[in-house]
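Student: Encoded as structure tokens, here's the structure I'll be asking about.
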Amino acid sequence: MKTLVLGCVGVLLAAGPAAPPATAEAPGRPAPTAPTAGIEWQTRPSADIMMRYVLPGRVAKVLVKDGDRVKPGQVLVELDDEAERIKLKQLKAMADDELHVKAAIAQLDQQEADLKKLEWAGKEGAATEWEIEHQRLEVKIGEWSLEKTKFNRDRAQDDYLQGKVQVDRMAMKSPIAGRVEFVYVEAGESVEALGDVVRLVKIDPLWADVPVPLVQVRRLKLGQTLQVVFPETDGASVAGKIIHVAGVADPAAETLMIRVEVPNPNGRPAGERVRVLVPGVGELAAAKQP
């Protein structure tokens with residue numbers, strides 16, 4: 001079950017502070033941009049997933065801890081699956097059983113051979129038409145029996161695959177590359193169905209869902225680059241990209257939400273207030289001043 005935590009706060013249109021005096025550019029650090037009016041908002045993870053089990057069980061192993069970085073497919077938690085594996089072994093034996101099919105084939109072969117003999121005997125006057133028709137019906141019943149046997153075998157194979165999926169699900173695997181935000185269980189503990197087990201987040205990249213005044217949205221398009229100013233960066237900005245523009249506006253606020261994706265290789269925490277520099281917002285803020 002996926003939970004996206006949307007940190008929604010108010011929109012602030014504000015002119016930036018006066019430009020600081022020019023200084024030598026620090027090595028390896030982007031040059032500060034001229035402070036510009038923008039929209040203050042807060043970042044959130046690009047993925048925020050609460051991992052839960054569909055069925056109850058007992059925790060056998062917890063293989064991660066808070067703060068661990070994980071890869072897609074990495075096992076996080078395992079439930080005790082001993083009983084399920086025993087059942088799976090039985091299902092596999094039934095799925096691999098070909099004896100019933102071979103027996104049905106052999107029986108049909110015998111019935112077809114008996115029919116040929118009766119048909120030959122009928123030509124010689126040694127078998128009645130009733131006997132021949134009766135044997136033809138036996139052959140038809142044999143064909144149906146073989147079809148039913150194959151159907152039952154296929155059902156047994158499906159039951160085995162279903163059981164295998166169930167056993168595989170008892171090993172909780174990460175669907176994303178991210179980090180473990182919190183582990184809610186311990187080994188030996190029983191978990192209820194749909195109870196919280198592990199929370200995973202992805203903070204590289206970060207997302208910011210920003211409400212933009214409708215009069216400015218027309219200047220924006222998917223894929224466009226917007227500068228994002230983080231706290232304590234002395235006005236230096238990071239290039240973000242618009243990855244989504246909402247289709248429904250907020251009529252009360254006269255805004256439309258856009259989603260800006262911001263690279264975060266240094267692992268800044270999600271939830272920081274940032275300033276998204278949107279073209280035209282500065283002019284709009286100035287026009288609203290008395």
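By convention here, the chains of the structure tokens are called A, B, ... in the order presented, each chain's residues are numbered starting at 1, and ligands are numbered starting at 1 in the order presented.
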Just want the 9 Å neighbourhood of Val229 (chain A), counted on only C-alpha atoms, with same-chain residues fewer than 5 positions away dropped. Output as a PyMOL selection string.

Tutor: chain A and resi 234-239+274-277

Student: Those residues with all heavy atoms, as a short mmCIF file (atom, residue, chain, number, x, y, z; two decimals), in the first residue's frame please?

Tutor:
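After the write, part-v8.cif holds the following:
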data_model
loop_
_atom_site.label_atom_id
_atom_site.label_comp_id
_atom_site.auth_asym_id
_atom_site.auth_seq_id
_atom_site.Cartn_x
_atom_site.Cartn_y
_atom_site.Cartn_z
N ASP A 234 22.64 30.72 0.85
CA ASP A 234 23.05 32.07 0.46
C ASP A 234 22.52 32.46 -0.91
O ASP A 234 23.19 33.13 -1.69
CB ASP A 234 24.58 32.20 0.48
CG ASP A 234 25.15 31.96 1.87
OD1 ASP A 234 24.46 32.32 2.85
OD2 ASP A 234 26.27 31.43 1.95
N GLY A 235 21.31 32.00 -1.23
CA GLY A 235 20.70 32.37 -2.49
C GLY A 235 21.07 31.48 -3.65
O GLY A 235 20.54 31.65 -4.75
N ALA A 236 22.00 30.53 -3.45
CA ALA A 236 22.35 29.61 -4.53
C ALA A 236 21.16 28.70 -4.81
O ALA A 236 20.43 28.29 -3.91
CB ALA A 236 23.57 28.79 -4.15
N SER A 237 20.93 28.42 -6.08
CA SER A 237 19.75 27.65 -6.46
C SER A 237 20.15 26.33 -7.12
O SER A 237 21.27 26.15 -7.60
CB SER A 237 18.87 28.45 -7.42
OG SER A 237 19.58 28.76 -8.60
N VAL A 238 19.19 25.41 -7.13
CA VAL A 238 19.34 24.10 -7.78
C VAL A 238 18.31 24.03 -8.90
O VAL A 238 17.15 24.44 -8.71
CB VAL A 238 19.13 22.96 -6.78
CG1 VAL A 238 19.22 21.61 -7.47
CG2 VAL A 238 20.14 23.04 -5.64
N ALA A 239 18.72 23.53 -10.04
CA ALA A 239 17.80 23.43 -11.18
C ALA A 239 16.84 22.28 -10.98
O ALA A 239 17.24 21.13 -10.82
CB ALA A 239 18.59 23.24 -12.48
N VAL A 274 11.39 25.60 0.79
CA VAL A 274 12.24 26.08 -0.30
C VAL A 274 11.52 27.21 -1.02
O VAL A 274 10.31 27.43 -0.83
CB VAL A 274 12.58 24.95 -1.28
CG1 VAL A 274 13.38 23.86 -0.60
CG2 VAL A 274 11.31 24.35 -1.90
N ARG A 275 12.25 27.88 -1.87
CA ARG A 275 11.68 28.95 -2.68
C ARG A 275 11.82 28.56 -4.15
O ARG A 275 12.93 28.37 -4.65
CB ARG A 275 12.40 30.28 -2.40
CG ARG A 275 11.68 31.50 -2.94
CD ARG A 275 12.01 32.74 -2.10
NE ARG A 275 13.45 32.87 -1.89
CZ ARG A 275 14.26 33.59 -2.67
NH1 ARG A 275 13.77 34.21 -3.72
NH2 ARG A 275 15.54 33.69 -2.39
N VAL A 276 10.69 28.37 -4.80
CA VAL A 276 10.66 28.00 -6.22
C VAL A 276 10.50 29.27 -7.04
O VAL A 276 9.51 29.99 -6.90
CB VAL A 276 9.52 27.01 -6.51
CG1 VAL A 276 9.54 26.61 -7.99
CG2 VAL A 276 9.64 25.79 -5.62
N LEU A 277 11.50 29.55 -7.88
CA LEU A 277 11.51 30.78 -8.66
C LEU A 277 10.71 30.57 -9.94
O LEU A 277 11.17 29.91 -10.88
CB LEU A 277 12.94 31.20 -8.97
CG LEU A 277 13.89 31.27 -7.76
CD1 LEU A 277 15.25 31.78 -8.18
CD2 LEU A 277 13.30 32.15 -6.67
#

Student: Residues of region 69-249 of chain A in strand (DSSP E) according to DSSP, as a ChimeraX atom specification?

Tutor: /A:69-70,75-79,171-173,178-183,190-191,196-213,225-229,237-245

Student: Could you give me the residues within region 58-134 of chain A that DSSP places in alpha helix (DSSP H), as a PyMOL selection string?

Tutor: chain A and resi 82-96+99-123+129-134

Student: Can you pull out every residue within 6 Å of Gly271 (chain A), counting only C-alpha atoms, but drop anything in the same chain fewer than 2 positions away, and send it as a PyMOL selection string?

Tutor: chain A and resi 42-44

Student: Okay, now the selection with C-alpha atoms, as a CSV table (one decimal), in the first residue's frame?

Tutor:
chain,number,residue,atom,x,y,z
A,42,GLN,CA,8.1,22.6,1.1
A,43,THR,CA,9.7,19.5,-0.4
A,44,ARG,CA,8.5,15.9,0.0

Student: Go through A:Val70, A:Gly247, A:Pro213, A:Lys221 and flag the residue nearest Gly38 (chain A), using only C-alpha atoms for the distances.

Tutor: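 Nearest to Gly38 (chain A): A:Pro213.
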
Student: Report as JSON lines the residues of region 79-166 of chain A within 12 Å of region 55-69 of chain A, each with its shortest atom pair and distance in Å (one decimal), using only C-alpha atoms, ordered by chain and increasing residue number.

Tutor:
{"residue": "A:Leu79", "atom": "CA", "partner": "A:Val59", "partner_atom": "CA", "distance": 4.4}
{"residue": "A:Asp80", "atom": "CA", "partner": "A:Ala60", "partner_atom": "CA", "distance": 5.0}
{"residue": "A:Asp81", "atom": "CA", "partner": "A:Ala60", "partner_atom": "CA", "distance": 8.5}
{"residue": "A:Glu82", "atom": "CA", "partner": "A:Ala60", "partner_atom": "CA", "distance": 10.2}
{"residue": "A:Ala83", "atom": "CA", "partner": "A:Gly57", "partner_atom": "CA", "distance": 11.2}
{"residue": "A:Glu84", "atom": "CA", "partner": "A:Gly57", "partner_atom": "CA", "distance": 11.2}
{"residue": "A:Gln166", "atom": "CA", "partner": "A:Leu55", "partner_atom": "CA", "distance": 9.8}

Student: Please save N, CA and C atoms of the selected residues as a compact mmCIF listing (two decimals), in the first residue's frame.

Tutor:
# COMPACT_ATOMS: atom_id res chain seq x y z
N LEU A 79 8.56 -13.38 7.20
CA LEU A 79 7.65 -14.02 8.13
C LEU A 79 7.99 -15.51 8.22
N ASP A 80 7.60 -16.13 9.31
CA ASP A 80 7.78 -17.57 9.48
C ASP A 80 6.91 -18.28 8.44
N ASP A 81 7.54 -19.04 7.54
CA ASP A 81 6.81 -19.67 6.44
C ASP A 81 6.97 -21.20 6.43
N GLU A 82 7.29 -21.79 7.58
CA GLU A 82 7.54 -23.24 7.62
C GLU A 82 6.31 -24.03 7.18
N ALA A 83 5.14 -23.70 7.74
CA ALA A 83 3.92 -24.43 7.38
C ALA A 83 3.58 -24.24 5.91
N GLU A 84 3.78 -23.04 5.42
CA GLU A 84 3.47 -22.75 4.01
C GLU A 84 4.39 -23.51 3.07
N GLN A 166 2.41 -17.07 -2.68
CA GLN A 166 2.09 -16.78 -1.30
C GLN A 166 3.33 -16.88 -0.41

Student: Enter the distance from CA of Pro251 (chain A) to CA of Leu214 (chain A), in Å, rounded to one decimal.

Tutor: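 These atoms are spaced 9.5 Å apart.
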
Student: So, with only C-alpha atoms as the atoms that count, which of A:Leu76, A:Pro211, A:Ala270, A:Lys71 lies closest to Val248 (chain A)?

Tutor: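 Checking each candidate against Val248 (chain A), we get A:Pro211 as the closest.
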
Student: Excluding Lys92 (chain A) and any residue of its chain fewer than 3 positions from it, enumerate the residues within 12 Å of it, using only C-alpha atoms, and give them as a PyMOL selection string.

Tutor: chain A and resi 85-89+95-98+153-164

Student: Quick one: pull the distance between CA of Ile105 (chain A) and CA of Trp130 (chain A), Å, one decimal.

Tutor: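 Going from CA of Ile105 (chain A) over to CA of Trp130 (chain A) covers 25.0 Å.
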
Student: So how many Å separate CA of Pro269 (chain A) and CA of Lys173 (chain A), to one decimal?

Tutor: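 Distance between the two atoms: 23.8 Å.
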
Student: Which residues are near Lys116 (chain A)? Cut-off 12 Å, only C-alpha atoms, ignore same chain within fewer than 6 positions. Put them as a PyMOL selection string.

Tutor: chain A and resi 109-110+122-123+127+131-133+135-136+139

Student: Taking into account only C-alpha atoms, which residue in the set A:Ile203, A:Val197, A:Ile49, A:Ala104 is nearest to Pro265 (chain A)?

Tutor: A:Ile203

Student: Find the spatial neighbours of Ser174 (chain A), counting only C-alpha atoms, within a cut-off of 6 Å - ignore same-chain residues fewer than 5 positions away - and output them as a PyMOL selection string.

Tutor: chain A and resi 72-74

Student: Quick one: everything within 9 Å of Val215 (chain A), counting only C-alpha atoms, minus sequence neighbours fewer than 4 positions away in the same chain. Send it as a list of chain:residue names.

Tutor: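 The contact residues come out as A:Arg219, A:Glu254, A:Thr255, A:Gly280, A:Leu284.
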
Student: Just write the chosen residues, C-alpha atoms, as a tab-separated table (two decimals), in the first residue's frame.

Tutor:
chain	number	residue	atom	x	y	z
A	219	ARG	CA	4.22	30.58	-19.11
A	254	GLU	CA	-6.87	30.93	-8.22
A	255	THR	CA	-3.84	28.64	-8.40
A	280	GLY	CA	6.50	36.36	-13.51
A	284	LEU	CA	2.85	39.77	-9.71

Student: Nearest to Trp144 (chain A) among A:Pro45, A:Lys241, A:Val165, A:Val101, with distances taken over only C-alpha atoms: which residue is it?

Tutor: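 The closest residue to Trp144 (chain A) is A:Val101.
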
Student: Measuring atom to atom with only C-alpha atoms, identify which of A:Val201, A:Leu194, A:Met51, A:Leu146 is nearest to Leu99 (chain A).

Tutor: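 Nearest candidate to Leu99 (chain A) out of A:Val201, A:Leu194, A:Met51, A:Leu146: A:Leu146.
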